[in-house]
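Pasted below: upload_35.pdb, PDB, C-alpha atoms (C1' of nucleotides).
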```pdb
MODEL        1
ATOM      1  CA  MET A  89      86.780 104.928 104.512  1.00  0.00           C
ATOM      2  CA  ASN A  90      89.497 104.625 101.926  1.00  0.00           C
ATOM      3  CA  LEU A  91      88.236 101.215 100.936  1.00  0.00           C
ATOM      4  CA  LYS A  92      84.916 102.823 100.260  1.00  0.00           C
ATOM      5  CA  THR A  93      86.510 105.209  97.826  1.00  0.00           C
ATOM      6  CA  ARG A  94      88.407 102.441  96.108  1.00  0.00           C
ATOM      7  CA  ARG A  95      85.173 100.663  95.265  1.00  0.00           C
ATOM      8  CA  ILE A  96      84.400 103.445  92.840  1.00  0.00           C
ATOM      9  CA  ALA A  97      86.997 101.866  90.603  1.00  0.00           C
ATOM     10  CA  GLU A  98      85.000  98.647  90.662  1.00  0.00           C
ATOM     11  CA  LEU A  99      81.842 100.217  89.270  1.00  0.00           C
ATOM     12  CA  ASP A 100      80.482  98.354  86.262  1.00  0.00           C
ATOM     13  CA  ARG A 101      81.641 100.418  83.292  1.00  0.00           C
ATOM     14  CA  VAL A 102      78.942  99.081  81.016  1.00  0.00           C
ATOM     15  CA  ILE A 103      76.308 100.578  83.286  1.00  0.00           C
ATOM     16  CA  HIS A 104      78.288 103.606  84.416  1.00  0.00           C
ATOM     17  CA  GLU A 105      78.190 105.260  81.007  1.00  0.00           C
ATOM     18  CA  PRO A 106      75.407 107.883  81.324  1.00  0.00           C
ATOM     19  CA  GLY A 107      73.640 106.919  78.124  1.00  0.00           C
ATOM     20  CA  ARG A 108      73.410 103.321  79.214  1.00  0.00           C
ATOM     21  CA  LEU A 109      72.616 104.238  82.797  1.00  0.00           C
ATOM     22  CA  MET A 110      69.560 106.089  81.521  1.00  0.00           C
ATOM     23  CA  ILE A 111      68.496 103.119  79.434  1.00  0.00           C
ATOM     24  CA  VAL A 112      68.913 100.656  82.271  1.00  0.00           C
ATOM     25  CA  ALA A 113      67.144 102.955  84.738  1.00  0.00           C
ATOM     26  CA  LEU A 114      64.229 103.317  82.353  1.00  0.00           C
ATOM     27  CA  LEU A 115      64.008  99.607  81.638  1.00  0.00           C
ATOM     28  CA  SER A 116      64.200  98.754  85.319  1.00  0.00           C
ATOM     29  CA  ALA A 117      61.022 100.741  85.818  1.00  0.00           C
ATOM     30  CA  VAL A 118      58.902  99.692  82.861  1.00  0.00           C
ATOM     31  CA  GLU A 119      59.752  96.011  82.294  1.00  0.00           C
ATOM     32  CA  GLN A 120      59.526  96.497  78.529  1.00  0.00           C
ATOM     33  CA  ALA A 121      59.974  99.418  76.171  1.00  0.00           C
ATOM     34  CA  ASP A 122      60.519 100.018  72.502  1.00  0.00           C
ATOM     35  CA  PHE A 123      63.281 101.823  70.651  1.00  0.00           C
ATOM     36  CA  LEU A 124      61.336 104.994  69.996  1.00  0.00           C
ATOM     37  CA  TYR A 125      60.238 105.321  73.587  1.00  0.00           C
ATOM     38  CA  LEU A 126      63.842 105.122  74.743  1.00  0.00           C
ATOM     39  CA  GLN A 127      64.962 107.545  72.085  1.00  0.00           C
ATOM     40  CA  HIS A 128      62.328 110.012  73.177  1.00  0.00           C
ATOM     41  CA  GLU A 129      63.040 109.691  76.891  1.00  0.00           C
ATOM     42  CA  THR A 130      66.806 109.822  76.623  1.00  0.00           C
ATOM     43  CA  GLU A 131      66.976 112.345  73.787  1.00  0.00           C
ATOM     44  CA  MET A 132      69.803 110.410  72.222  1.00  0.00           C
ATOM     45  CA  ASN A 133      70.131 110.112  68.485  1.00  0.00           C
ATOM     46  CA  LYS A 134      69.388 106.785  66.814  1.00  0.00           C
ATOM     47  CA  GLY A 135      72.969 105.827  66.149  1.00  0.00           C
ATOM     48  CA  THR A 136      74.141 106.358  69.694  1.00  0.00           C
ATOM     49  CA  LEU A 137      71.109 104.613  71.143  1.00  0.00           C
ATOM     50  CA  SER A 138      71.512 101.682  68.789  1.00  0.00           C
ATOM     51  CA  SER A 139      75.136 101.162  69.715  1.00  0.00           C
ATOM     52  CA  HIS A 140      74.432 101.390  73.441  1.00  0.00           C
ATOM     53  CA  LEU A 141      71.694  98.792  73.060  1.00  0.00           C
ATOM     54  CA  SER A 142      74.083  96.504  71.214  1.00  0.00           C
ATOM     55  CA  LYS A 143      76.576  96.853  74.014  1.00  0.00           C
ATOM     56  CA  LEU A 144      73.991  96.104  76.672  1.00  0.00           C
ATOM     57  CA  GLU A 145      72.786  93.093  74.750  1.00  0.00           C
ATOM     58  CA  GLU A 146      76.344  91.877  74.312  1.00  0.00           C
ATOM     59  CA  ALA A 147      76.826  92.159  78.072  1.00  0.00           C
ATOM     60  CA  GLY A 148      73.696  90.076  78.615  1.00  0.00           C
ATOM     61  CA  TYR A 149      71.927  92.927  80.390  1.00  0.00           C
ATOM     62  CA  ILE A 150      69.014  93.363  78.008  1.00  0.00           C
ATOM     63  CA  GLU A 151      67.074  91.219  75.606  1.00  0.00           C
ATOM     64  CA  VAL A 152      66.281  92.612  72.187  1.00  0.00           C
ATOM     65  CA  THR A 153      63.186  91.452  70.334  1.00  0.00           C
ATOM     66  CA  LYS A 154      62.459  92.588  66.813  1.00  0.00           C
ATOM     67  CA  THR A 155      58.801  92.520  65.986  1.00  0.00           C
ATOM     68  CA  TYR A 156      56.133  94.547  64.206  1.00  0.00           C
ATOM     69  CA  ARG A 157      53.613  97.087  65.322  1.00  0.00           C
ATOM     70  CA  GLY A 158      51.110  96.542  62.572  1.00  0.00           C
ATOM     71  CA  LYS A 159      53.380  96.567  59.550  1.00  0.00           C
ATOM     72  CA  ILE A 160      56.031  98.826  60.966  1.00  0.00           C
ATOM     73  CA  PRO A 161      59.134  97.267  62.493  1.00  0.00           C
ATOM     74  CA  GLN A 162      59.540  97.662  66.200  1.00  0.00           C
ATOM     75  CA  THR A 163      62.419  96.809  68.480  1.00  0.00           C
ATOM     76  CA  LEU A 164      61.449  95.802  71.988  1.00  0.00           C
ATOM     77  CA  LEU A 165      63.869  95.900  74.902  1.00  0.00           C
ATOM     78  CA  HIS A 166      63.671  94.394  78.324  1.00  0.00           C
ATOM     79  CA  LEU A 167      66.085  94.043  81.183  1.00  0.00           C
ATOM     80  CA  THR A 168      67.283  90.515  81.881  1.00  0.00           C
ATOM     81  CA  ALA A 169      67.657  89.136  85.398  1.00  0.00           C
ATOM     82  CA  GLN A 170      71.386  89.589  85.003  1.00  0.00           C
ATOM     83  CA  GLY A 171      70.923  93.199  83.955  1.00  0.00           C
ATOM     84  CA  ARG A 172      68.633  93.915  86.860  1.00  0.00           C
ATOM     85  CA  GLN A 173      71.139  92.439  89.250  1.00  0.00           C
ATOM     86  CA  ALA A 174      74.024  94.397  87.745  1.00  0.00           C
ATOM     87  CA  PHE A 175      72.017  97.591  88.046  1.00  0.00           C
ATOM     88  CA  GLN A 176      71.185  96.932  91.669  1.00  0.00           C
ATOM     89  CA  GLN A 177      74.799  96.226  92.455  1.00  0.00           C
ATOM     90  CA  TYR A 178      75.793  99.417  90.678  1.00  0.00           C
ATOM     91  CA  ARG A 179      73.276 101.384  92.721  1.00  0.00           C
ATOM     92  CA  ARG A 180      74.477  99.890  95.975  1.00  0.00           C
ATOM     93  CA  ARG A 181      78.085 100.682  95.226  1.00  0.00           C
ATOM     94  CA  MET A 182      77.413 104.170  94.015  1.00  0.00           C
ATOM     95  CA  LYS A 183      75.228 105.063  96.973  1.00  0.00           C
ATOM     96  CA  GLU A 184      77.781 103.619  99.312  1.00  0.00           C
ATOM     97  CA  ALA A 185      80.532 105.699  97.754  1.00  0.00           C
ATOM     98  CA  LEU A 186      78.598 108.964  97.879  1.00  0.00           C
TER      99      LEU A 186
ATOM    100  CA  MET B  60      59.756 110.393  86.769  1.00  0.00           C
ATOM    101  CA  ASN B  61      61.077 110.614  83.248  1.00  0.00           C
ATOM    102  CA  LEU B  62      62.567 113.982  84.011  1.00  0.00           C
ATOM    103  CA  LYS B  63      64.488 112.324  86.790  1.00  0.00           C
ATOM    104  CA  THR B  64      66.037 109.894  84.371  1.00  0.00           C
ATOM    105  CA  ARG B  65      66.886 112.584  81.889  1.00  0.00           C
ATOM    106  CA  ARG B  66      68.963 114.376  84.492  1.00  0.00           C
ATOM    107  CA  ILE B  67      71.449 111.554  84.304  1.00  0.00           C
ATOM    108  CA  ALA B  68      72.479 113.055  80.990  1.00  0.00           C
ATOM    109  CA  GLU B  69      73.270 116.273  82.789  1.00  0.00           C
ATOM    110  CA  LEU B  70      75.775 114.710  85.145  1.00  0.00           C
ATOM    111  CA  ASP B  71      79.092 116.536  85.142  1.00  0.00           C
ATOM    112  CA  ARG B  72      81.324 114.418  82.927  1.00  0.00           C
ATOM    113  CA  VAL B  73      84.495 115.773  84.453  1.00  0.00           C
ATOM    114  CA  ILE B  74      83.462 114.325  87.811  1.00  0.00           C
ATOM    115  CA  HIS B  75      81.614 111.290  86.516  1.00  0.00           C
ATOM    116  CA  GLU B  76      84.768 109.598  85.259  1.00  0.00           C
ATOM    117  CA  PRO B  77      85.582 107.007  87.963  1.00  0.00           C
ATOM    118  CA  GLY B  78      89.243 107.954  88.294  1.00  0.00           C
ATOM    119  CA  ARG B  79      88.351 111.580  88.883  1.00  0.00           C
ATOM    120  CA  LEU B  80      85.380 110.700  91.051  1.00  0.00           C
ATOM    121  CA  MET B  81      87.766 108.897  93.384  1.00  0.00           C
ATOM    122  CA  ILE B  82      90.132 111.847  93.461  1.00  0.00           C
ATOM    123  CA  VAL B  83      87.377 114.334  94.176  1.00  0.00           C
ATOM    124  CA  ALA B  84      85.816 112.096  96.821  1.00  0.00           C
ATOM    125  CA  LEU B  85      89.168 111.752  98.549  1.00  0.00           C
ATOM    126  CA  LEU B  86      89.934 115.455  98.387  1.00  0.00           C
ATOM    127  CA  SER B  87      86.489 116.341  99.662  1.00  0.00           C
ATOM    128  CA  ALA B  88      87.315 114.441 102.849  1.00  0.00           C
ATOM    129  CA  VAL B  89      90.881 115.508 103.571  1.00  0.00           C
ATOM    130  CA  GLU B  90      91.100 119.159 102.533  1.00  0.00           C
ATOM    131  CA  GLN B  91      94.625 118.640 101.211  1.00  0.00           C
ATOM    132  CA  ALA B  92      96.585 115.672  99.891  1.00  0.00           C
ATOM    133  CA  ASP B  93      99.728 115.013  97.929  1.00  0.00           C
ATOM    134  CA  PHE B  94     100.272 113.162  94.688  1.00  0.00           C
ATOM    135  CA  LEU B  95     101.658 110.008  96.242  1.00  0.00           C
ATOM    136  CA  TYR B  96      98.819 109.727  98.710  1.00  0.00           C
ATOM    137  CA  LEU B  97      96.299 109.872  95.888  1.00  0.00           C
ATOM    138  CA  GLN B  98      98.264 107.398  93.833  1.00  0.00           C
ATOM    139  CA  HIS B  99      98.344 104.986  96.744  1.00  0.00           C
ATOM    140  CA  GLU B 100      94.661 105.338  97.594  1.00  0.00           C
ATOM    141  CA  THR B 101      93.357 105.142  94.062  1.00  0.00           C
ATOM    142  CA  GLU B 102      95.878 102.577  92.805  1.00  0.00           C
ATOM    143  CA  MET B 103      96.183 104.466  89.543  1.00  0.00           C
ATOM    144  CA  ASN B 104      99.479 104.677  87.727  1.00  0.00           C
ATOM    145  CA  LYS B 105     101.337 107.989  87.666  1.00  0.00           C
ATOM    146  CA  GLY B 106     100.476 108.904  84.116  1.00  0.00           C
ATOM    147  CA  THR B 107      96.765 108.390  84.476  1.00  0.00           C
ATOM    148  CA  LEU B 108      96.663 110.214  87.797  1.00  0.00           C
ATOM    149  CA  SER B 109      98.644 113.105  86.396  1.00  0.00           C
ATOM    150  CA  SER B 110      96.344 113.560  83.440  1.00  0.00           C
ATOM    151  CA  HIS B 111      93.222 113.410  85.600  1.00  0.00           C
ATOM    152  CA  LEU B 112      94.680 116.043  87.890  1.00  0.00           C
ATOM    153  CA  SER B 113      95.408 118.274  84.912  1.00  0.00           C
ATOM    154  CA  LYS B 114      91.845 117.895  83.762  1.00  0.00           C
ATOM    155  CA  LEU B 115      90.466 118.733  87.193  1.00  0.00           C
ATOM    156  CA  GLU B 116      92.722 121.749  87.452  1.00  0.00           C
ATOM    157  CA  GLU B 117      91.699 122.894  83.993  1.00  0.00           C
ATOM    158  CA  ALA B 118      88.054 122.657  85.086  1.00  0.00           C
ATOM    159  CA  GLY B 119      88.838 124.802  88.117  1.00  0.00           C
ATOM    160  CA  TYR B 120      87.918 121.999  90.510  1.00  0.00           C
ATOM    161  CA  ILE B 121      91.276 121.580  92.225  1.00  0.00           C
ATOM    162  CA  GLU B 122      94.264 123.737  92.999  1.00  0.00           C
ATOM    163  CA  VAL B 123      97.711 122.328  92.380  1.00  0.00           C
ATOM    164  CA  THR B 124     100.676 123.509  94.435  1.00  0.00           C
ATOM    165  CA  LYS B 125     104.188 122.371  93.681  1.00  0.00           C
ATOM    166  CA  THR B 126     106.476 122.475  96.670  1.00  0.00           C
ATOM    167  CA  TYR B 127     109.206 120.428  98.353  1.00  0.00           C
ATOM    168  CA  ARG B 128     109.291 117.863 101.093  1.00  0.00           C
ATOM    169  CA  GLY B 129     112.914 118.367 102.104  1.00  0.00           C
ATOM    170  CA  LYS B 130     114.678 118.313  98.750  1.00  0.00           C
ATOM    171  CA  ILE B 131     112.188 116.082  97.038  1.00  0.00           C
ATOM    172  CA  PRO B 132     109.466 117.685  94.946  1.00  0.00           C
ATOM    173  CA  GLN B 133     105.909 117.324  96.174  1.00  0.00           C
ATOM    174  CA  THR B 134     102.632 118.151  94.470  1.00  0.00           C
ATOM    175  CA  LEU B 135      99.814 119.206  96.770  1.00  0.00           C
ATOM    176  CA  LEU B 136      96.190 119.115  95.751  1.00  0.00           C
ATOM    177  CA  HIS B 137      93.128 120.663  97.254  1.00  0.00           C
ATOM    178  CA  LEU B 138      89.548 120.994  96.195  1.00  0.00           C
ATOM    179  CA  THR B 139      88.428 124.516  95.296  1.00  0.00           C
ATOM    180  CA  ALA B 140      85.069 125.922  96.360  1.00  0.00           C
ATOM    181  CA  GLN B 141      83.936 125.414  92.790  1.00  0.00           C
ATOM    182  CA  GLY B 142      85.059 121.803  92.858  1.00  0.00           C
ATOM    183  CA  ARG B 143      83.304 121.154  96.137  1.00  0.00           C
ATOM    184  CA  GLN B 144      80.119 122.632  94.777  1.00  0.00           C
ATOM    185  CA  ALA B 145      80.326 120.603  91.576  1.00  0.00           C
ATOM    186  CA  PHE B 146      80.849 117.451  93.589  1.00  0.00           C
ATOM    187  CA  GLN B 147      77.856 118.161  95.802  1.00  0.00           C
ATOM    188  CA  GLN B 148      75.683 118.821  92.797  1.00  0.00           C
ATOM    189  CA  TYR B 149      76.899 115.586  91.238  1.00  0.00           C
ATOM    190  CA  ARG B 150      76.049 113.686  94.382  1.00  0.00           C
ATOM    191  CA  ARG B 151      72.586 115.209  94.577  1.00  0.00           C
ATOM    192  CA  ARG B 152      71.796 114.345  91.000  1.00  0.00           C
ATOM    193  CA  MET B 153      73.152 110.852  91.179  1.00  0.00           C
ATOM    194  CA  LYS B 154      71.326 110.038  94.393  1.00  0.00           C
ATOM    195  CA  GLU B 155      68.160 111.472  92.982  1.00  0.00           C
ATOM    196  CA  ALA B 156      68.484 109.354  89.870  1.00  0.00           C
ATOM    197  CA  LEU B 157      69.125 106.101  91.732  1.00  0.00           C
TER     198      LEU B 157
ATOM    199  C1'  DC C 267     131.837 111.015  87.668  1.00  0.00           C
ATOM    200  C1'  DA C 268     128.501 107.495  86.283  1.00  0.00           C
ATOM    201  C1'  DA C 269     124.536 104.753  87.432  1.00  0.00           C
ATOM    202  C1'  DA C 270     120.408 104.328  89.794  1.00  0.00           C
ATOM    203  C1'  DC C 271     116.455 106.621  91.826  1.00  0.00           C
ATOM    204  C1'  DC C 272     112.410 109.722  92.729  1.00  0.00           C
ATOM    205  C1'  DA C 273     108.314 112.762  91.512  1.00  0.00           C
ATOM    206  C1'  DG C 274     105.750 113.888  88.027  1.00  0.00           C
ATOM    207  C1'  DT C 275     104.739 114.894  82.852  1.00  0.00           C
ATOM    208  C1'  DT C 276     104.347 113.739  78.047  1.00  0.00           C
ATOM    209  C1'  DT C 277     103.683 110.615  74.304  1.00  0.00           C
ATOM    210  C1'  DG C 278     102.034 106.748  71.530  1.00  0.00           C
ATOM    211  C1'  DC C 279      98.623 103.111  71.045  1.00  0.00           C
ATOM    212  C1'  DG C 280      94.323 100.627  71.334  1.00  0.00           C
ATOM    213  C1'  DC C 281      89.619 101.124  72.743  1.00  0.00           C
ATOM    214  C1'  DT C 282      85.269 103.487  73.458  1.00  0.00           C
ATOM    215  C1'  DA C 283      81.762 107.432  73.062  1.00  0.00           C
ATOM    216  C1'  DC C 284      79.320 110.753  70.364  1.00  0.00           C
ATOM    217  C1'  DC C 285      77.335 112.818  66.372  1.00  0.00           C
ATOM    218  C1'  DA C 286      76.050 113.331  61.642  1.00  0.00           C
ATOM    219  C1'  DA C 287      75.387 111.206  57.510  1.00  0.00           C
ATOM    220  C1'  DC C 288      74.221 107.507  54.836  1.00  0.00           C
ATOM    221  C1'  DC C 289      71.991 102.890  54.108  1.00  0.00           C
ATOM    222  C1'  DA C 290      68.390  99.069  53.972  1.00  0.00           C
ATOM    223  C1'  DT C 291      63.469  97.903  54.227  1.00  0.00           C
ATOM    224  C1'  DA C 292      59.070  98.669  54.032  1.00  0.00           C
ATOM    225  C1'  DC C 293      55.076 101.435  53.892  1.00  0.00           C
ATOM    226  C1'  DT C 294      52.165 105.618  52.005  1.00  0.00           C
ATOM    227  C1'  DC C 295      50.649 109.076  48.850  1.00  0.00           C
ATOM    228  C1'  DT C 296      49.912 110.912  44.300  1.00  0.00           C
TER     229       DT C 296
ATOM    230  C1'  DA D 282      55.903 103.921  39.081  1.00  0.00           C
ATOM    231  C1'  DG D 283      58.271 107.595  41.753  1.00  0.00           C
ATOM    232  C1'  DA D 284      58.809 110.607  45.825  1.00  0.00           C
ATOM    233  C1'  DG D 285      58.525 110.874  50.516  1.00  0.00           C
ATOM    234  C1'  DT D 286      58.494 108.963  55.224  1.00  0.00           C
ATOM    235  C1'  DA D 287      59.542 105.893  59.210  1.00  0.00           C
ATOM    236  C1'  DT D 288      62.313 102.357  61.827  1.00  0.00           C
ATOM    237  C1'  DG D 289      66.560 101.069  62.970  1.00  0.00           C
ATOM    238  C1'  DG D 290      71.518  99.848  61.732  1.00  0.00           C
ATOM    239  C1'  DT D 291      76.120 101.059  59.969  1.00  0.00           C
ATOM    240  C1'  DT D 292      80.015 104.057  58.979  1.00  0.00           C
ATOM    241  C1'  DG D 293      83.433 107.843  59.327  1.00  0.00           C
ATOM    242  C1'  DG D 294      85.441 111.375  61.976  1.00  0.00           C
ATOM    243  C1'  DT D 295      86.668 113.532  66.306  1.00  0.00           C
ATOM    244  C1'  DA D 296      87.624 113.352  71.129  1.00  0.00           C
ATOM    245  C1'  DG D 297      88.599 111.197  75.627  1.00  0.00           C
ATOM    246  C1'  DC D 298      90.325 107.241  78.621  1.00  0.00           C
ATOM    247  C1'  DG D 299      93.994 103.804  80.415  1.00  0.00           C
ATOM    248  C1'  DC D 300      98.239 101.938  80.200  1.00  0.00           C
ATOM    249  C1'  DA D 301     103.135 101.521  79.439  1.00  0.00           C
ATOM    250  C1'  DA D 302     107.227 103.629  78.064  1.00  0.00           C
ATOM    251  C1'  DA D 303     110.100 107.521  77.437  1.00  0.00           C
ATOM    252  C1'  DC D 304     111.399 111.839  79.304  1.00  0.00           C
ATOM    253  C1'  DT D 305     112.613 115.981  82.669  1.00  0.00           C
ATOM    254  C1'  DG D 306     114.872 117.852  86.651  1.00  0.00           C
ATOM    255  C1'  DG D 307     116.892 116.993  90.489  1.00  0.00           C
ATOM    256  C1'  DT D 308     119.038 113.718  94.285  1.00  0.00           C
ATOM    257  C1'  DT D 309     121.422 109.821  96.145  1.00  0.00           C
ATOM    258  C1'  DT D 310     124.657 106.045  95.877  1.00  0.00           C
ATOM    259  C1'  DG D 311     128.833 103.459  94.531  1.00  0.00           C
TER     260       DG D 311
ENDMDL
END
```
Could you render the structure from this file as structure tokens?
Amino acid sequence: MNLKTRRIAELDRVIHEPGRLMIVALLSAVEQADFLYLQHETEMNKGTLSSHLSKLEEAGYIEVTKTYRGKIPQTLLHLTAQGRQAFQQYRRRMKEAL
Amino acid sequence: MNLKTRRIAELDRVIHEPGRLMIVALLSAVEQADFLYLQHETEMNKGTLSSHLSKLEEAGYIEVTKTYRGKIPQTLLHLTAQGRQAFQQYRRRMKEAL
DNA sequence: CAAACCAGTTTGCGCTACCAACCATACTCT
DNA sequence: AGAGTATGGTTGGTAGCGCAAACTGGTTTG
């Protein structure tokens, strides 16, 4: 019982942050998304979204691909296997704690 | 589906913080606890625990009672109705999102 | 009496989050 | 060519967290 509570402290902080939790939850469902889609869904501003994406990439949880939609730049995001696993572990721990 | 994800952004930040989430989870189970019990269970240092408790009190989520165990000061904590409600709402939203 | 101890708070520091504003590129319109 | 627009990144300022160290008020120990 108390051990269960203690595991809250072991939650992955990279994923726990609400902004990033939204991103990871969205990416876990769609397999691939672009920057503007995420911005629209999360209602975050560009700067905040950009820095969260950098952090997730740095952690190895997402892969960032810069490409073009016609002639307009487009940033594509997709969850890596590692990211998917980290998210599932996060979900297990959180559900267990609540 | 997207609305579900967006609700992550509405999670109560006071409760979402892991240190405070542990405190609230513990208090929701025991009805009353003292400072040292919480420190032992959460493994937080005194300073961090103290500041989280202040924040929870400020939010109206816990009630802090300073008393004595013999001649040694003792700080008792218990979840208010408001705190219990906020915790339940947090749990509902988090479970729904995951 | 002085030194050590106990419960808890406050403070200083490094790190992170958030937002707004600005920047770099590249395209479009007139 | 010049103004405006769109994508996305970067920067500066403010606020919160986590830890360790210093501090407060009171008690015990030598």
Under the PyMOL selection byres ((chain D) within 8 of (chain B)), which residues of this model are included? Write them out as a list in words.
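Given this file, the PyMOL selection byres ((chain D) within 8 of (chain B)) evaluates to DG299, DC300 and DT308 of chain D.
Separating CA of Lys134 (chain A) from CA of Gly171 (chain A) is a distance of 21.9 Å.
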Given the PyMOL selection byres ((chain C and resi 293-296) around 12), the residues it picks as a PyMOL selection string:
(chain A and resi 158-161) or (chain C and resi 291-292) or (chain D and resi 282-288)
Selection above as a file: C-alpha atoms (C1' of nucleotides), as a PDB file, keeping the file's coordinate frame:
```
ATOM      1  CA  GLY A 158      51.110  96.542  62.572  1.00  0.00           C
ATOM      2  CA  LYS A 159      53.380  96.567  59.550  1.00  0.00           C
ATOM      3  CA  ILE A 160      56.031  98.826  60.966  1.00  0.00           C
ATOM      4  CA  PRO A 161      59.134  97.267  62.493  1.00  0.00           C
TER       5      PRO A 161
ATOM      6  C1'  DT C 291      63.469  97.903  54.227  1.00  0.00           C
ATOM      7  C1'  DA C 292      59.070  98.669  54.032  1.00  0.00           C
TER       8       DA C 292
ATOM      9  C1'  DA D 282      55.903 103.921  39.081  1.00  0.00           C
ATOM     10  C1'  DG D 283      58.271 107.595  41.753  1.00  0.00           C
ATOM     11  C1'  DA D 284      58.809 110.607  45.825  1.00  0.00           C
ATOM     12  C1'  DG D 285      58.525 110.874  50.516  1.00  0.00           C
ATOM     13  C1'  DT D 286      58.494 108.963  55.224  1.00  0.00           C
ATOM     14  C1'  DA D 287      59.542 105.893  59.210  1.00  0.00           C
ATOM     15  C1'  DT D 288      62.313 102.357  61.827  1.00  0.00           C
TER      16       DT D 288
END
```
List, as a list in words, every residue that the PyMOL selection byres ((chain C and resi 267-275) around 10) selects in the file provided.
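With the shown file as input, the PyMOL selection byres ((chain C and resi 267-275) around 10) matches Phe94, Leu95, Lys105, Gly106, Leu108, Ser109, Ser110, Ile131, Pro132, Gln133 and Thr134 of chain B; DT276 and DT277 of chain C; DC304, DT305, DG306, DG307, DT308, DT309, DT310 and DG311 of chain D.
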What gap, in Å, lies between CA of Arg157 (chain A) and CA of Gln120 (chain A)?
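Between these atoms lies a distance of 14.5 Å.
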Please write region 144-156 of chain A of the preceding block to a file containing N, CA, C and O atoms, as a PDB file, in the first residue's frame?
```pdb
ATOM      1  N   LEU A 144      11.590  15.779 -25.872  1.00  0.00           N
ATOM      2  CA  LEU A 144      11.179  14.405 -26.153  1.00  0.00           C
ATOM      3  C   LEU A 144      12.146  13.724 -27.128  1.00  0.00           C
ATOM      4  O   LEU A 144      12.441  12.535 -26.999  1.00  0.00           O
ATOM      5  N   GLU A 145      12.635  14.516 -28.064  1.00  0.00           N
ATOM      6  CA  GLU A 145      13.587  13.961 -29.019  1.00  0.00           C
ATOM      7  C   GLU A 145      14.897  13.616 -28.304  1.00  0.00           C
ATOM      8  O   GLU A 145      15.466  12.540 -28.488  1.00  0.00           O
ATOM      9  N   GLU A 146      15.320  14.540 -27.461  1.00  0.00           N
ATOM     10  CA  GLU A 146      16.536  14.355 -26.678  1.00  0.00           C
ATOM     11  C   GLU A 146      16.457  13.084 -25.816  1.00  0.00           C
ATOM     12  O   GLU A 146      17.446  12.396 -25.606  1.00  0.00           O
ATOM     13  N   ALA A 147      15.262  12.810 -25.325  1.00  0.00           N
ATOM     14  CA  ALA A 147      15.059  11.630 -24.477  1.00  0.00           C
ATOM     15  C   ALA A 147      14.951  10.360 -25.310  1.00  0.00           C
ATOM     16  O   ALA A 147      14.900   9.258 -24.768  1.00  0.00           O
ATOM     17  N   GLY A 148      14.897  10.526 -26.632  1.00  0.00           N
ATOM     18  CA  GLY A 148      14.770   9.358 -27.508  1.00  0.00           C
ATOM     19  C   GLY A 148      13.346   8.844 -27.631  1.00  0.00           C
ATOM     20  O   GLY A 148      13.128   7.725 -28.086  1.00  0.00           O
ATOM     21  N   TYR A 149      12.387   9.657 -27.217  1.00  0.00           N
ATOM     22  CA  TYR A 149      10.988   9.209 -27.221  1.00  0.00           C
ATOM     23  C   TYR A 149      10.262   9.500 -28.522  1.00  0.00           C
ATOM     24  O   TYR A 149       9.248   8.883 -28.818  1.00  0.00           O
ATOM     25  N   ILE A 150      10.719  10.471 -29.268  1.00  0.00           N
ATOM     26  CA  ILE A 150      10.099  10.743 -30.567  1.00  0.00           C
ATOM     27  C   ILE A 150      11.185  10.924 -31.621  1.00  0.00           C
ATOM     28  O   ILE A 150      12.344  11.204 -31.297  1.00  0.00           O
ATOM     29  N   GLU A 151      10.764  10.777 -32.862  1.00  0.00           N
ATOM     30  CA  GLU A 151      11.666  11.022 -33.973  1.00  0.00           C
ATOM     31  C   GLU A 151      11.119  12.213 -34.735  1.00  0.00           C
ATOM     32  O   GLU A 151       9.918  12.294 -35.004  1.00  0.00           O
ATOM     33  N   VAL A 152      12.000  13.140 -35.060  1.00  0.00           N
ATOM     34  CA  VAL A 152      11.585  14.368 -35.723  1.00  0.00           C
ATOM     35  C   VAL A 152      12.099  14.357 -37.152  1.00  0.00           C
ATOM     36  O   VAL A 152      13.288  14.193 -37.392  1.00  0.00           O
ATOM     37  N   THR A 153      11.195  14.518 -38.094  1.00  0.00           N
ATOM     38  CA  THR A 153      11.587  14.532 -39.509  1.00  0.00           C
ATOM     39  C   THR A 153      11.149  15.838 -40.140  1.00  0.00           C
ATOM     40  O   THR A 153       9.967  16.176 -40.131  1.00  0.00           O
ATOM     41  N   LYS A 154      12.104  16.563 -40.675  1.00  0.00           N
ATOM     42  CA  LYS A 154      11.774  17.825 -41.335  1.00  0.00           C
ATOM     43  C   LYS A 154      11.647  17.580 -42.824  1.00  0.00           C
ATOM     44  O   LYS A 154      12.556  17.087 -43.454  1.00  0.00           O
ATOM     45  N   THR A 155      10.490  17.927 -43.340  1.00  0.00           N
ATOM     46  CA  THR A 155      10.248  17.682 -44.759  1.00  0.00           C
ATOM     47  C   THR A 155       9.461  18.845 -45.346  1.00  0.00           C
ATOM     48  O   THR A 155       9.443  19.936 -44.774  1.00  0.00           O
ATOM     49  N   TYR A 156       8.841  18.647 -46.483  1.00  0.00           N
ATOM     50  CA  TYR A 156       8.049  19.698 -47.104  1.00  0.00           C
ATOM     51  C   TYR A 156       6.686  19.182 -47.528  1.00  0.00           C
ATOM     52  O   TYR A 156       6.550  18.056 -47.993  1.00  0.00           O
TER      53      TYR A 156
END
```
